[in-house]
Every structure is written in C-alpha cells, then in structure tokens.
>>> print(open('entry-v5.cif').read())   # mmCIF, C-alpha atoms
data_start
#
loop_
_atom_site.label_atom_id
_atom_site.label_comp_id
_atom_site.auth_asym_id
_atom_site.auth_seq_id
_atom_site.Cartn_x
_atom_site.Cartn_y
_atom_site.Cartn_z
CA MET A 1 35.55 -10.30 2.65
CA PRO A 2 35.44 -11.81 -0.87
CA ASP A 3 34.55 -15.10 0.87
CA LEU A 4 31.51 -13.54 2.46
CA VAL A 5 30.40 -12.10 -0.88
CA THR A 6 30.62 -15.57 -2.43
CA GLU A 7 29.03 -17.19 0.59
CA LEU A 8 25.97 -14.94 0.38
CA GLY A 9 25.64 -15.45 -3.36
CA ILE A 10 26.25 -11.81 -4.13
CA ASP A 11 29.12 -12.62 -6.53
CA VAL A 12 26.54 -13.95 -9.01
CA LEU A 13 25.53 -10.33 -9.59
CA PHE A 14 28.85 -9.62 -11.23
CA LYS A 15 28.80 -12.67 -13.49
CA GLY A 16 27.98 -11.87 -17.08
CA THR A 17 25.27 -9.28 -17.46
CA ASN A 18 23.26 -10.38 -14.44
CA PHE A 19 23.19 -7.01 -12.75
CA LEU A 20 22.25 -5.23 -15.96
CA ARG A 21 19.48 -7.74 -16.51
CA LEU A 22 18.10 -7.01 -13.04
CA LEU A 23 18.19 -3.29 -13.77
CA GLY A 24 16.41 -3.96 -17.05
CA GLY A 25 13.74 -5.87 -15.14
CA LEU A 26 13.35 -3.01 -12.71
CA TRP A 27 13.00 -0.62 -15.62
CA SER A 28 10.19 -2.62 -17.18
CA ALA A 29 8.33 -2.46 -13.87
CA LEU A 30 9.08 1.25 -13.48
CA SER A 31 8.04 2.07 -17.02
CA ILE A 32 4.64 0.46 -16.45
CA SER A 33 4.09 2.68 -13.42
CA LEU A 34 5.41 5.78 -15.17
CA ILE A 35 3.07 5.34 -18.14
CA ALA A 36 0.20 4.72 -15.74
CA VAL A 37 1.12 7.85 -13.77
CA ALA A 38 1.26 9.90 -16.96
CA ILE A 39 -2.25 8.73 -17.84
CA SER A 40 -3.74 9.02 -14.37
CA ILE A 41 -2.61 12.56 -13.53
CA PRO A 42 -4.65 14.38 -16.21
CA LEU A 43 -7.58 11.97 -15.88
CA GLY A 44 -7.42 12.23 -12.09
CA ILE A 45 -7.52 16.02 -12.22
CA ILE A 46 -10.59 15.88 -14.44
CA MET A 47 -12.20 13.34 -12.13
CA GLY A 48 -11.39 15.40 -9.05
CA VAL A 49 -12.92 18.54 -10.54
CA LEU A 50 -16.01 16.57 -11.59
CA MET A 51 -16.29 15.17 -8.06
CA THR A 52 -16.73 18.68 -6.71
CA SER A 53 -19.37 19.51 -9.31
CA LYS A 54 -22.94 20.23 -8.31
CA SER A 55 -24.48 17.34 -10.22
CA ARG A 56 -25.40 14.59 -7.79
CA ILE A 57 -25.49 11.91 -10.45
CA ILE A 58 -21.93 12.59 -11.60
CA LYS A 59 -20.77 12.66 -7.97
CA ALA A 60 -22.51 9.39 -7.17
CA ILE A 61 -21.14 7.60 -10.23
CA LEU A 62 -17.58 8.73 -9.52
CA ARG A 63 -17.93 7.83 -5.84
CA VAL A 64 -19.03 4.30 -6.72
CA TYR A 65 -16.14 3.99 -9.18
CA LEU A 66 -13.67 5.14 -6.53
CA GLU A 67 -15.01 2.77 -3.88
CA ILE A 68 -15.02 -0.24 -6.22
CA ILE A 69 -11.41 0.38 -7.24
CA ARG A 70 -10.39 1.04 -3.65
CA ILE A 71 -11.90 -1.97 -1.99
CA MET A 72 -10.42 -4.57 -4.33
CA PRO A 73 -6.81 -5.65 -3.90
CA GLN A 74 -4.80 -4.49 -6.91
CA LEU A 75 -3.89 -8.07 -7.65
CA VAL A 76 -7.57 -8.95 -8.01
CA LEU A 77 -8.00 -6.05 -10.43
CA LEU A 78 -5.04 -7.33 -12.43
CA PHE A 79 -6.58 -10.81 -12.54
CA LEU A 80 -9.93 -9.38 -13.62
CA MET A 81 -8.29 -7.44 -16.43
CA PHE A 82 -5.85 -10.08 -17.56
CA PHE A 83 -7.93 -13.26 -17.21
CA GLY A 84 -11.46 -11.89 -16.90
CA THR A 85 -11.92 -9.33 -19.65
CA THR A 86 -9.92 -11.38 -22.14
CA ARG A 87 -12.30 -14.24 -21.54
CA ALA A 88 -15.48 -12.17 -21.43
CA PHE A 89 -14.79 -9.96 -24.44
CA GLY A 90 -12.56 -12.31 -26.36
CA TRP A 91 -9.77 -9.81 -26.89
CA ASP A 92 -6.15 -10.54 -26.40
CA ILE A 93 -4.02 -8.20 -24.33
CA SER A 94 -0.50 -8.66 -23.04
CA GLY A 95 0.35 -8.62 -19.36
CA GLU A 96 1.99 -5.22 -19.79
CA THR A 97 -1.09 -3.67 -21.38
CA ALA A 98 -3.36 -5.19 -18.75
CA SER A 99 -1.10 -3.79 -16.00
CA ILE A 100 -1.02 -0.33 -17.51
CA ILE A 101 -4.82 -0.26 -17.83
CA VAL A 102 -5.31 -1.43 -14.25
CA PHE A 103 -2.77 0.98 -12.79
CA ALA A 104 -4.21 3.85 -14.82
CA LEU A 105 -7.75 3.05 -13.60
CA TRP A 106 -6.51 2.80 -10.04
CA GLY A 107 -4.30 5.88 -10.29
CA THR A 108 -7.12 7.95 -11.78
CA ALA A 109 -9.41 7.01 -8.91
CA GLU A 110 -6.84 7.78 -6.21
CA MET A 111 -5.65 10.95 -7.93
CA GLY A 112 -9.24 12.07 -8.39
CA ASP A 113 -9.85 11.70 -4.67
CA LEU A 114 -6.68 13.66 -3.86
CA VAL A 115 -7.71 16.48 -6.21
CA ARG A 116 -11.20 16.52 -4.72
CA GLY A 117 -9.76 16.70 -1.22
CA ALA A 118 -7.42 19.54 -2.17
CA LEU A 119 -10.19 21.48 -3.89
CA ILE A 120 -12.67 21.28 -1.04
CA SER A 121 -9.94 22.18 1.45
CA ILE A 122 -9.81 25.68 -0.07
CA PRO A 123 -12.11 27.78 2.11
CA LYS A 124 -15.08 29.40 0.43
CA HIS A 125 -13.98 32.91 1.40
CA GLN A 126 -11.06 32.59 -0.99
CA TYR A 127 -13.50 32.45 -3.89
CA GLU A 128 -15.65 35.20 -2.43
CA SER A 129 -12.76 37.51 -1.65
CA SER A 130 -11.34 37.29 -5.13
CA GLU A 131 -14.77 37.93 -6.55
CA ALA A 132 -15.09 40.95 -4.29
CA LEU A 133 -11.79 42.19 -5.67
CA GLY A 134 -13.36 42.07 -9.10
CA MET A 135 -11.49 39.04 -10.44
CA THR A 136 -13.10 36.98 -13.15
CA SER A 137 -13.66 33.31 -12.50
CA ALA A 138 -10.70 32.42 -14.72
CA GLN A 139 -8.46 34.79 -12.79
CA THR A 140 -9.72 33.41 -9.50
CA TYR A 141 -8.75 29.90 -10.50
CA LEU A 142 -5.45 30.88 -12.10
CA TYR A 143 -4.11 33.15 -9.37
CA ILE A 144 -5.89 32.09 -6.21
CA ILE A 145 -7.25 28.56 -6.24
CA ILE A 146 -4.83 26.56 -8.39
CA PRO A 147 -1.62 27.73 -6.67
CA GLN A 148 -3.03 26.74 -3.28
CA THR A 149 -4.41 23.44 -4.52
CA VAL A 150 -1.16 22.48 -6.20
CA ARG A 151 0.82 22.97 -3.01
CA ARG A 152 -1.43 20.59 -1.12
CA LEU A 153 -1.62 18.20 -4.00
CA ILE A 154 1.99 17.70 -5.08
CA PRO A 155 3.36 15.94 -1.96
CA LEU A 156 0.33 13.63 -1.89
CA SER A 157 0.56 12.75 -5.57
CA ILE A 158 4.27 12.03 -5.23
CA ASN A 159 3.36 9.56 -2.48
CA LEU A 160 0.88 8.02 -4.86
CA ILE A 161 3.69 7.53 -7.38
CA THR A 162 5.78 5.57 -4.88
CA ARG A 163 2.74 3.45 -4.08
CA MET A 164 2.34 2.75 -7.78
CA ILE A 165 5.98 1.81 -8.18
CA LYS A 166 5.73 -0.57 -5.24
CA THR A 167 2.54 -2.09 -6.57
CA THR A 168 4.09 -2.82 -9.97
CA SER A 169 5.91 -5.70 -8.29
CA LEU A 170 2.56 -7.51 -8.58
CA VAL A 171 2.70 -7.70 -12.38
CA LEU A 172 4.94 -10.73 -11.91
CA MET A 173 1.76 -12.63 -11.05
CA ILE A 174 0.23 -12.08 -14.48
CA GLY A 175 3.37 -13.16 -16.27
CA VAL A 176 5.11 -9.87 -17.01
CA VAL A 177 8.88 -10.29 -17.03
CA GLU A 178 10.02 -7.73 -14.48
CA VAL A 179 12.72 -7.58 -11.85
CA LEU A 180 11.44 -10.45 -9.67
CA LYS A 181 11.03 -12.71 -12.70
CA VAL A 182 14.58 -11.90 -13.86
CA ALA A 183 15.74 -12.61 -10.30
CA GLN A 184 14.07 -16.02 -10.42
CA GLN A 185 15.74 -16.79 -13.74
CA ILE A 186 19.19 -15.82 -12.46
CA ILE A 187 18.66 -17.89 -9.31
CA GLU A 188 17.57 -20.92 -11.35
CA ALA A 189 20.64 -20.65 -13.57
CA ASN A 190 23.12 -20.33 -10.72
CA ARG A 191 21.62 -22.55 -8.05
CA MET A 192 24.16 -25.36 -8.56
CA THR A 193 27.33 -23.28 -8.52
CA SER A 194 26.26 -20.85 -5.83
CA PRO A 195 23.82 -22.40 -3.36
CA ASN A 196 23.01 -19.18 -1.52
CA VAL A 197 22.28 -17.17 -4.63
CA ALA A 198 18.63 -16.69 -3.60
CA PHE A 199 19.74 -14.59 -0.65
CA GLY A 200 22.06 -12.33 -2.63
CA ILE A 201 19.73 -11.77 -5.55
CA TYR A 202 16.56 -11.16 -3.57
CA LEU A 203 18.49 -8.83 -1.28
CA THR A 204 19.58 -6.92 -4.38
CA VAL A 205 16.01 -6.67 -5.65
CA PHE A 206 14.97 -5.43 -2.22
CA VAL A 207 17.66 -2.75 -2.25
CA LEU A 208 16.83 -1.77 -5.85
CA TYR A 209 13.18 -1.16 -5.01
CA PHE A 210 14.20 0.81 -1.97
CA LEU A 211 16.57 2.96 -4.02
CA ALA A 212 13.81 3.59 -6.55
CA CYS A 213 11.21 4.65 -3.99
CA TRP A 214 13.13 6.26 -1.17
CA PRO A 215 14.33 9.44 -2.95
CA ILE A 216 10.78 10.04 -4.18
CA SER A 217 9.38 9.66 -0.64
CA LEU A 218 12.04 12.03 0.69
CA LEU A 219 11.08 14.59 -1.94
CA ALA A 220 7.42 14.30 -0.95
CA LYS A 221 8.29 14.75 2.72
CA TYR A 222 10.49 17.74 1.95
CA LEU A 223 7.83 19.47 -0.15
CA GLU A 224 5.17 18.76 2.45
CA LYS A 225 7.26 20.47 5.13
CA LYS A 226 8.25 23.34 2.90
CA TRP A 227 4.72 24.16 1.81
CA SER A 228 2.75 23.42 4.91
CA MET B 1 -22.06 -18.37 -15.42
CA ASP B 2 -22.65 -21.91 -14.21
CA GLY B 3 -24.33 -22.22 -10.82
CA GLU B 4 -23.24 -25.80 -10.31
CA VAL B 5 -19.61 -24.93 -10.87
CA ILE B 6 -19.90 -22.13 -8.35
CA MET B 7 -21.48 -24.44 -5.78
CA SER B 8 -18.75 -27.01 -6.23
CA TYR B 9 -16.04 -24.37 -5.79
CA LEU B 10 -17.62 -22.76 -2.74
CA PRO B 11 -16.00 -24.97 -0.08
CA LEU B 12 -12.54 -24.45 -1.60
CA TYR B 13 -12.99 -20.70 -1.60
CA GLY B 14 -14.40 -20.82 1.92
CA GLU B 15 -11.27 -22.54 3.17
CA ALA B 16 -9.04 -20.14 1.30
CA ALA B 17 -10.94 -17.16 2.70
CA LEU B 18 -10.48 -18.51 6.21
CA LEU B 19 -6.74 -18.76 5.63
CA THR B 20 -6.65 -15.23 4.22
CA VAL B 21 -8.53 -13.87 7.24
CA LYS B 22 -6.52 -15.90 9.72
CA LEU B 23 -3.13 -14.80 8.39
CA GLY B 24 -4.38 -11.27 7.91
CA VAL B 25 -5.66 -10.96 11.46
CA ILE B 26 -2.55 -12.45 13.07
CA GLY B 27 -0.32 -10.31 10.86
CA ILE B 28 -2.27 -7.17 11.68
CA VAL B 29 -2.15 -7.89 15.43
CA PHE B 30 1.63 -8.17 15.20
CA ALA B 31 1.75 -5.06 13.05
CA ILE B 32 -0.17 -3.17 15.74
CA ILE B 33 2.27 -4.38 18.42
CA VAL B 34 5.29 -3.40 16.30
CA GLY B 35 3.65 -0.10 15.44
CA LEU B 36 2.81 0.78 19.05
CA PHE B 37 6.31 -0.11 20.14
CA CYS B 38 7.93 1.98 17.39
CA SER B 39 5.65 4.97 17.93
CA MET B 40 6.37 4.94 21.67
CA ILE B 41 10.09 4.90 21.02
CA GLN B 42 9.73 7.85 18.70
CA TYR B 43 7.39 9.68 21.06
CA TYR B 44 9.73 9.40 24.04
CA LYS B 45 12.73 10.01 21.75
CA VAL B 46 14.66 7.03 23.10
CA PRO B 47 18.27 7.58 21.97
CA VAL B 48 19.87 5.22 19.42
CA VAL B 49 16.84 2.88 19.25
CA ARG B 50 14.94 5.79 17.76
CA ARG B 51 17.36 5.92 14.82
CA ILE B 52 16.99 2.19 14.23
CA VAL B 53 13.22 2.57 14.27
CA SER B 54 13.27 5.36 11.70
CA VAL B 55 15.57 3.34 9.43
CA TYR B 56 13.18 0.40 9.74
CA ILE B 57 10.21 2.61 8.90
CA GLU B 58 11.89 3.99 5.78
CA ILE B 59 12.92 0.53 4.58
CA SER B 60 9.55 -1.02 5.24
CA ARG B 61 7.55 1.78 3.63
CA ASN B 62 9.67 2.00 0.52
CA THR B 63 9.70 -1.64 -0.56
CA PRO B 64 6.82 -3.77 -1.85
CA LEU B 65 5.44 -6.58 0.32
CA LEU B 66 6.00 -9.07 -2.49
CA VAL B 67 9.73 -8.31 -2.54
CA GLN B 68 9.88 -8.46 1.26
CA LEU B 69 8.17 -11.85 1.20
CA PHE B 70 10.49 -13.26 -1.48
CA PHE B 71 13.46 -12.16 0.57
CA ILE B 72 12.10 -13.62 3.80
CA PHE B 73 10.81 -16.83 2.20
CA TYR B 74 13.54 -17.70 -0.29
CA GLY B 75 16.48 -15.61 0.91
CA LEU B 76 16.62 -16.00 4.67
CA PRO B 77 16.54 -19.83 4.80
CA ARG B 78 19.86 -19.70 2.93
CA LEU B 79 21.35 -18.11 6.03
CA GLY B 80 20.01 -20.93 8.14
CA ILE B 81 16.84 -19.15 9.26
CA PRO B 82 14.13 -21.66 8.45
CA THR B 83 10.71 -20.24 7.61
CA ASP B 84 7.51 -21.98 6.71
CA ALA B 85 5.13 -20.20 4.41
CA GLU B 86 2.55 -19.19 7.04
CA THR B 87 5.08 -17.76 9.50
CA CYS B 88 6.70 -16.01 6.62
CA GLY B 89 3.45 -14.42 5.47
CA ILE B 90 2.68 -13.23 8.99
CA ALA B 91 6.22 -11.92 9.45
CA GLY B 92 6.04 -10.07 6.14
CA LEU B 93 2.71 -8.49 7.01
CA ALA B 94 3.99 -7.48 10.44
CA PHE B 95 7.16 -6.03 8.92
CA LEU B 96 5.22 -4.01 6.36
CA GLY B 97 2.29 -3.11 8.60
CA GLY B 98 4.45 -2.18 11.60
CA SER B 99 5.72 0.96 9.92
CA TYR B 100 2.29 2.01 8.66
CA MET B 101 0.77 1.50 12.10
CA ALA B 102 3.69 3.36 13.70
CA GLU B 103 3.05 6.36 11.49
CA ALA B 104 -0.67 6.27 12.27
CA PHE B 105 -0.07 6.12 16.03
CA ARG B 106 2.70 8.71 15.88
CA SER B 107 0.50 11.28 14.21
CA GLY B 108 -2.10 10.64 16.91
CA LEU B 109 0.39 10.98 19.75
CA GLU B 110 1.83 14.16 18.28
CA SER B 111 -1.59 15.71 18.02
CA VAL B 112 -2.04 15.65 21.80
CA ASP B 113 -1.04 19.00 23.23
CA LYS B 114 1.96 19.13 25.52
CA ILE B 115 -0.12 20.86 28.16
CA GLN B 116 -2.02 17.60 28.63
CA THR B 117 1.12 15.78 29.71
CA GLU B 118 2.19 18.64 31.94
CA SER B 119 -1.22 18.84 33.59
CA ALA B 120 -1.25 15.10 34.20
CA TYR B 121 2.20 15.24 35.77
CA SER B 122 1.18 18.14 37.99
CA LEU B 123 -1.79 16.08 39.15
CA GLY B 124 0.72 13.53 40.36
CA MET B 125 0.25 10.94 37.64
CA ASN B 126 3.30 8.96 36.66
CA ARG B 127 4.46 8.41 33.08
CA LEU B 128 2.55 5.19 32.58
CA GLN B 129 -0.69 6.58 34.00
CA THR B 130 -0.36 9.72 31.89
CA MET B 131 0.08 7.61 28.78
CA ARG B 132 -2.70 5.18 29.63
CA TYR B 133 -5.38 7.60 30.86
CA VAL B 134 -4.56 10.94 29.24
CA ILE B 135 -2.50 10.66 26.07
CA LEU B 136 -3.56 7.36 24.49
CA PRO B 137 -7.34 7.91 24.60
CA GLN B 138 -6.98 11.26 22.86
CA ALA B 139 -4.33 10.05 20.46
CA MET B 140 -6.49 7.07 19.52
CA SER B 141 -9.38 9.14 18.29
CA VAL B 142 -7.01 11.01 15.98
CA SER B 143 -5.33 7.81 14.79
CA ILE B 144 -8.50 5.87 14.06
CA PRO B 145 -9.05 6.93 10.43
CA ALA B 146 -5.46 6.09 9.49
CA PHE B 147 -5.66 2.92 11.54
CA VAL B 148 -8.78 1.70 9.76
CA ALA B 149 -7.26 2.55 6.39
CA ASN B 150 -4.18 0.53 7.37
CA VAL B 151 -6.22 -2.50 8.41
CA ILE B 152 -7.99 -2.55 5.05
CA PHE B 153 -4.73 -1.92 3.22
CA LEU B 154 -3.01 -4.81 5.01
CA LEU B 155 -5.90 -7.21 4.40
CA LYS B 156 -5.72 -6.30 0.71
CA GLU B 157 -1.98 -6.85 0.74
CA THR B 158 -2.48 -10.46 1.87
CA SER B 159 -3.42 -11.15 -1.76
CA VAL B 160 0.27 -11.51 -2.60
CA PHE B 161 0.63 -14.46 -0.21
CA SER B 162 -0.15 -16.78 -3.11
CA ALA B 163 3.34 -16.02 -4.44
CA ILE B 164 4.90 -17.95 -1.56
CA SER B 165 2.50 -20.83 -2.21
CA LEU B 166 0.03 -20.12 0.56
CA MET B 167 -3.37 -21.40 -0.51
CA ASP B 168 -5.24 -18.14 -0.08
CA LEU B 169 -8.05 -16.74 -2.26
CA MET B 170 -5.73 -15.65 -5.09
CA PHE B 171 -3.98 -19.01 -5.12
CA THR B 172 -7.26 -20.90 -5.23
CA ALA B 173 -8.62 -18.73 -8.02
CA LYS B 174 -5.51 -19.12 -10.14
CA ASP B 175 -5.29 -22.83 -9.44
CA LEU B 176 -8.91 -23.52 -10.39
CA MET B 177 -8.68 -21.32 -13.48
CA GLY B 178 -5.68 -23.29 -14.62
CA MET B 179 -7.38 -26.64 -14.02
CA ASP B 180 -10.94 -26.22 -15.27
CA HIS B 181 -10.87 -23.01 -17.31
CA ASN B 182 -14.03 -21.73 -15.62
CA THR B 183 -12.50 -18.28 -15.60
CA VAL B 184 -15.68 -16.28 -15.14
CA GLU B 185 -16.93 -18.36 -12.20
CA CYS B 186 -13.51 -18.35 -10.54
CA LEU B 187 -13.14 -14.59 -10.78
CA PHE B 188 -16.73 -14.01 -9.69
CA LEU B 189 -16.09 -16.03 -6.53
CA LEU B 190 -12.77 -14.30 -5.99
CA VAL B 191 -14.34 -10.85 -6.08
CA SER B 192 -17.32 -11.94 -3.97
CA PHE B 193 -15.16 -13.41 -1.25
CA TYR B 194 -12.91 -10.37 -1.07
CA LEU B 195 -16.00 -8.18 -0.84
CA LEU B 196 -17.33 -10.43 1.89
CA ILE B 197 -14.16 -9.87 3.89
CA LEU B 198 -13.44 -6.22 3.11
CA LEU B 199 -16.86 -4.60 2.84
CA PRO B 200 -17.97 -5.19 6.46
CA ILE B 201 -14.63 -3.88 7.76
CA SER B 202 -14.87 -0.82 5.59
CA ILE B 203 -18.43 -0.13 6.79
CA VAL B 204 -17.62 -0.77 10.47
CA GLY B 205 -14.55 1.43 10.00
CA THR B 206 -16.63 4.34 8.74
CA VAL B 207 -19.04 4.01 11.66
CA VAL B 208 -16.25 3.79 14.25
CA GLU B 209 -14.53 6.77 12.67
CA ARG B 210 -17.66 8.88 13.05
CA ARG B 211 -18.17 7.91 16.70
CA MET B 212 -14.53 8.31 17.70
CA ARG B 213 -14.28 11.81 16.31
CA ARG B 214 -16.49 12.98 19.16
CA ALA B 215 -13.92 11.71 21.65
CA GLY B 216 -11.51 14.51 20.76
CA PHE B 217 -10.97 16.68 23.81
CA GLY B 218 -11.55 20.39 23.73
CA ASN B 219 -13.19 20.78 20.33
#
>>> encode(input="entry-v5.cif", output="structure tokens")
Amino acid sequence: MPDLVTELGIDVLFKGTNFLRLLGGLWSALSISLIAVAISIPLGIIMGVLMTSKSRIIKAILRVYLEIIRIMPQLVLLFLMFFGTTRAFGWDISGETASIIVFALWGTAEMGDLVRGALISIPKHQYESSEALGMTSAQTYLYIIIPQTVRRLIPLSINLITRMIKTTSLVLMIGVVEVLKVAQQIIEANRMTSPNVAFGIYLTVFVLYFLACWPISLLAKYLEKKWS
Amino acid sequence: MDGEVIMSYLPLYGEAALLTVKLGVIGIVFAIIVGLFCSMIQYYKVPVVRRIVSVYIEISRNTPLLVQLFFIFYGLPRLGIPTDAETCGIAGLAFLGGSYMAEAFRSGLESVDKIQTESAYSLGMNRLQTMRYVILPQAMSVSIPAFVANVIFLLKETSVFSAISLMDLMFTAKDLMGMDHNTVECLFLLVSFYLLILLPISIVGTVVERRMRRAGFGN
C-alpha cells in the first residue's frame, strides 16, 4: 500500500507543509467567494425588489445589467476587470480585488434574479387577503410575504454559493495565488523526486473542492425538500 | 481604439472562435449523450448502475471544470492515459455537462404522469415505443428551458480551455495582450466574439422555449 501511495505521488502531500499550503490556497479562493457572497446578498435583495417595482425604466436598466453579466463567461468578466479597467481608468487593483468586484457584480445580478423570481411567485391573493384582514403593508411583508419568499429563496441562494465557490477556481488565470497555483508550485518542486506528483496533487485539489461544495449542495437539497 | 489593429487581429480571433465553437459543440453533444444515458438509468431505476450514476453526478456538479481539466490533462497521463489537449477539453466538457444534462432530462422525465406510461402499455406499446412516442416528447418540452440554459452555460465554460493551452478566444486575447499591449482592442474583440457566439443561441433558445411550452400535454 505505501508503494502505491508513493507511486501515485500522494506521499508528496505529507512532505513538509505541502498539505497545509494547499489548504491555505483553498482558503484564499474560498475567502474571495465568501466576501463576494456577503456583498451580493444584500445588494441582490435590493436589486430583486427593484426589479419588481412598477417603474419601467428601473426594470429595463436592471434587466440589461442582468443579461450583460449573464451572457459573458465569468473569465471574460475577470479579464475585463483586471486588464481592461486598469488600462482604461489607469488604476491599479490586485487580482484579489478584481475577483471580488467581479464575483460581487455577478452574484448581485444572479441573486437579484432569484429574489425577483421568489417575489413574483407569491400569488396576488396573499397580499389581498392580508389587506382584507386589516394588516398594514409592513405587517403584510413581515408576516406573510417575507416568510414565504425566504423559504423559496434559501435553497436557491445556497446553490448560488456553491457556483461561486466553483467559479473562484478561475482567479488562477488573473494571477491570484490560490489552490491550483499552490498545486502547480508543489508539483514543480517535486517533479524530479516523484514523477507522478501531478496525479496525486491534482487529485487532492479535486477532492478538496468537492469536500468544500458537496456539503453545501446537500444542505440546499435538504432544505428544498423540507420546505417544498 | 485602433481600427487597423482590430483588422489585423480579426483572422486570429476568427480561428480561435472556430476552435471554441468546435470543441464546445462536440463537448455538448457528448454531454447530451452522457446525460440521456444517465437520466434513463435513473428513470428506470437500474440497480447498482444507478448508484454509480448518482455518485458521478454529485462529483461532477460539485467540482469546477478547471480543476477537472487539470486533473484530466496533467494528472491522468501520469497513469499512462495519454491525452491531447483537444480530447481533454472535450472529455472535460462532457464530464461536467453530462451531469447537468442528466438533471435537466430527469426533471423532464419525472414530470410526465405515470398514467401516461400505463395508458401506453395498455394500448400495447412496448417500453421503447412508450419512451420514444409518449414519454420523451412530453419530457422534452419540460426539459427545454434547463437544456438551453445548460448549452449556454457549457459554451461559457469553454473559456477555461486556455488553461490547458488550447488556442481558444481567451488564449488568443491573453497572448496578444502580452505581445502587443493593445489591451483595449484585444478585450473589445474578445467580448464581441463571445457575443457573436452566445447571443444568437440565447435568442434562439428563448424562441424555442416559447414554442415548446405549447407542446405540454393536457394543460
């Protein structure tokens, strides 16, 4: 068995602080997505509420924003932010900052659409019935609309979080040192002594991402079933 | 922005776009095959294989394409499985897309009422006929929105192919930016070409979605 571990290059993981370094790399990717999530949830809720407003202009502007963000691959958005805006406006932002901005813009758009969908899925008679019962508009929202919206919204937004975590793997391409970059460094350093290190290390990265996303997906599935 | 620079880059981007579309289309076709296969196995509840399929779906949906590609491209050859970049890109897209397509088809299949199958059987249709003439057409119209979303998603995902040194649109943009520093022109072309590929599909998708919804039986 130890032979197989060496053969597949997995032993490199236990040399020095390699495994800890990989975890550190994963954390820097995760922290980018977590910050972006923290920004996009409140902004997304605001956007979603605005998208159901009566003003056509606001609706149209937000719709265009959503479609622009949606149709471009996230990597293109990262390139635009990291190479494009720095060139056009002459400012200087790090890869991390650029990633957080892009993911927050993207997350806000997607979250906004989820909130909009949840809000319009509440039938009109819910509003009317609570009004007929003499509730004020604040009470209607607090006791009737928001509890129902949140139940539809939470599983979907949790799915959005896993999508964000997965997409953070792209920040490698604009030079952020995250788990794949650390993996490349470890592989470079150990190539001579352990020829199959690429297999072991990339397998580890694969498993790490899976372990980061899977529990979150399970939670989303569980909540979806429970509340449906 | 410099028009001459853009003109001189056009052929390079054109080639790259063709590669992006080619790999995307082949990958998506394989993803559809994998997805159909997996959804059928889940629909008919084939023992054992069904478990393997659900493990595959969980793994594929919970890992990023970039990590899958690195593993396939740099990891697998170490075990003696040789892969060239194009095959690898297609395989990665099929591996990722298979699970998304499977989910889309599965939700369609599940939406068809059981009474439909029973009625078809009582009319003397066999399993294959029931699937082909009764279940699939109805399931399709339910699956179409998710299916279209998946196609666009997978085409967008091809943007990471540049990481395994395939000369796609991203690769070309980055390469030219590094060489000539015409950042604005390069990015302008990058966005334009992606729009050129994705916008028509998105529009056609919306139209198809609207027409297919009428195909639903009984509503």
>>> closest_atom_pairs(input="entry-v5.cif", of="chain B", to="chain A", cutoff="7 Å", atoms="only C-alpha atoms", output="CSV")
residue,atom,partner,partner_atom,distance
B:Ile59,CA,A:Phe210,CA,6.7
B:Asn62,CA,A:Phe210,CA,5.3
B:Thr63,CA,A:Phe210,CA,5.3
B:Pro64,CA,A:Lys166,CA,4.8
B:Leu66,CA,A:Ser169,CA,6.7
B:Val67,CA,A:Phe206,CA,6.0
B:Gln68,CA,A:Phe206,CA,6.9
B:Phe70,CA,A:Tyr202,CA,6.8
B:Phe71,CA,A:Tyr202,CA,5.3
B:Tyr74,CA,A:Ala198,CA,6.2
B:Gly75,CA,A:Phe199,CA,3.8
B:Leu76,CA,A:Phe199,CA,6.3
B:Arg78,CA,A:Asn196,CA,5.5
B:Lys156,CA,A:Pro73,CA,4.8
B:Glu157,CA,A:Pro73,CA,6.8
B:Ser159,CA,A:Leu75,CA,6.7
B:Thr183,CA,A:Gly84,CA,6.6
B:Val184,CA,A:Gly84,CA,6.3
B:Leu187,CA,A:Leu80,CA,6.7
B:Leu198,CA,A:Ile71,CA,6.8
>>> atom_distance(input="entry-v5.cif", atom1="CA of Leu199 (chain B)", atom2="CA of Asn182 (chain B)")
25.3 Å
>>> resolve_selection(input="entry-v5.cif", expression="the PyMOL selection byres ((chain B and resi 26-31) around 6)", output="mmCIF file with C-alpha atoms, in the coordinates of the input")
data_model
loop_
_atom_site.group_PDB
_atom_site.id
_atom_site.type_symbol
_atom_site.label_atom_id
_atom_site.label_comp_id
_atom_site.auth_asym_id
_atom_site.auth_seq_id
_atom_site.Cartn_x
_atom_site.Cartn_y
_atom_site.Cartn_z
ATOM 1 C CA LEU B 23 -3.130 -14.800 8.390
ATOM 2 C CA GLY B 24 -4.380 -11.270 7.910
ATOM 3 C CA VAL B 25 -5.660 -10.960 11.460
ATOM 4 C CA ILE B 32 -0.170 -3.170 15.740
ATOM 5 C CA ILE B 33 2.270 -4.380 18.420
ATOM 6 C CA VAL B 34 5.290 -3.400 16.300
ATOM 7 C CA GLY B 35 3.650 -0.100 15.440
ATOM 8 C CA ILE B 90 2.680 -13.230 8.990
ATOM 9 C CA LEU B 93 2.710 -8.490 7.010
ATOM 10 C CA ALA B 94 3.990 -7.480 10.440
ATOM 11 C CA GLY B 97 2.290 -3.110 8.600
ATOM 12 C CA GLY B 98 4.450 -2.180 11.600
#
>>> axis_aligned_box(input="entry-v5.cif", around="region 77-96 of chain A", padding_each_side="5 Å", output="AutoDock Vina command-line options")
--center_x -6.7 --center_y -9.7 --center_z -18.7 --size_x 27.5 --size_y 19.0 --size_z 26.5
>>> resolve_selection(input="entry-v5.cif", expression="the PyMOL selection byres ((chain A and resi 122-129) around 12)", output="PyMOL selection string")
chain A and resi 52+115-121+130-153
>>> resolve_selection(input="entry-v5.cif", expression="the PyMOL selection byres ((chain A and resi 45) around 10)", output="number ranges by chain")
A: 40-44, 46-51, 108-109, 111-116
>>> atom_distance(input="entry-v5.cif", atom1="CA of Tyr133 (chain B)", atom2="CA of Ser111 (chain B)")
15.7 Å
>>> closest_residue(input="entry-v5.cif", among="B:Gly89, B:Arg50, B:Met1, B:Ile41", to="Met167 (chain B)", atoms="all atoms listed in the file")
B:Gly89
>>> residues_around(input="entry-v5.cif", residues="Trp27 (chain A)", least_positions_apart="4", cutoff="8 Å", atoms="all atoms listed in the file", output="PDB file with C-alpha atoms, keeping the file's coordinate frame")
ATOM      1  CA  LEU A  23      18.190  -3.290 -13.770  1.00  0.00           C
ATOM      2  CA  SER A  31       8.040   2.070 -17.020  1.00  0.00           C
ATOM      3  CA  GLU A 178      10.020  -7.730 -14.480  1.00  0.00           C
ATOM      4  CA  VAL A 179      12.720  -7.580 -11.850  1.00  0.00           C
TER       5      VAL A 179
END
>>> closest_residue(input="entry-v5.cif", among="A:Gly25, A:Arg63, A:Phe103, A:Glu96", to="Leu160 (chain A)", atoms="all atoms listed in the file")
A:Phe103
>>> closest_residue(input="entry-v5.cif", among="B:Leu18, B:Val48, B:Val160, B:Ile201", to="Leu78 (chain A)", atoms="only C-alpha atoms")
B:Val160
>>> atom_distance(input="entry-v5.cif", atom1="CA of Met101 (chain B)", atom2="CA of Ala149 (chain B)")
9.9 Å
>>> closest_residue(input="entry-v5.cif", among="A:Ser99, A:Ser55, A:Thr17, A:Thr6", to="Ala36 (chain A)", atoms="only C-alpha atoms")
A:Ser99
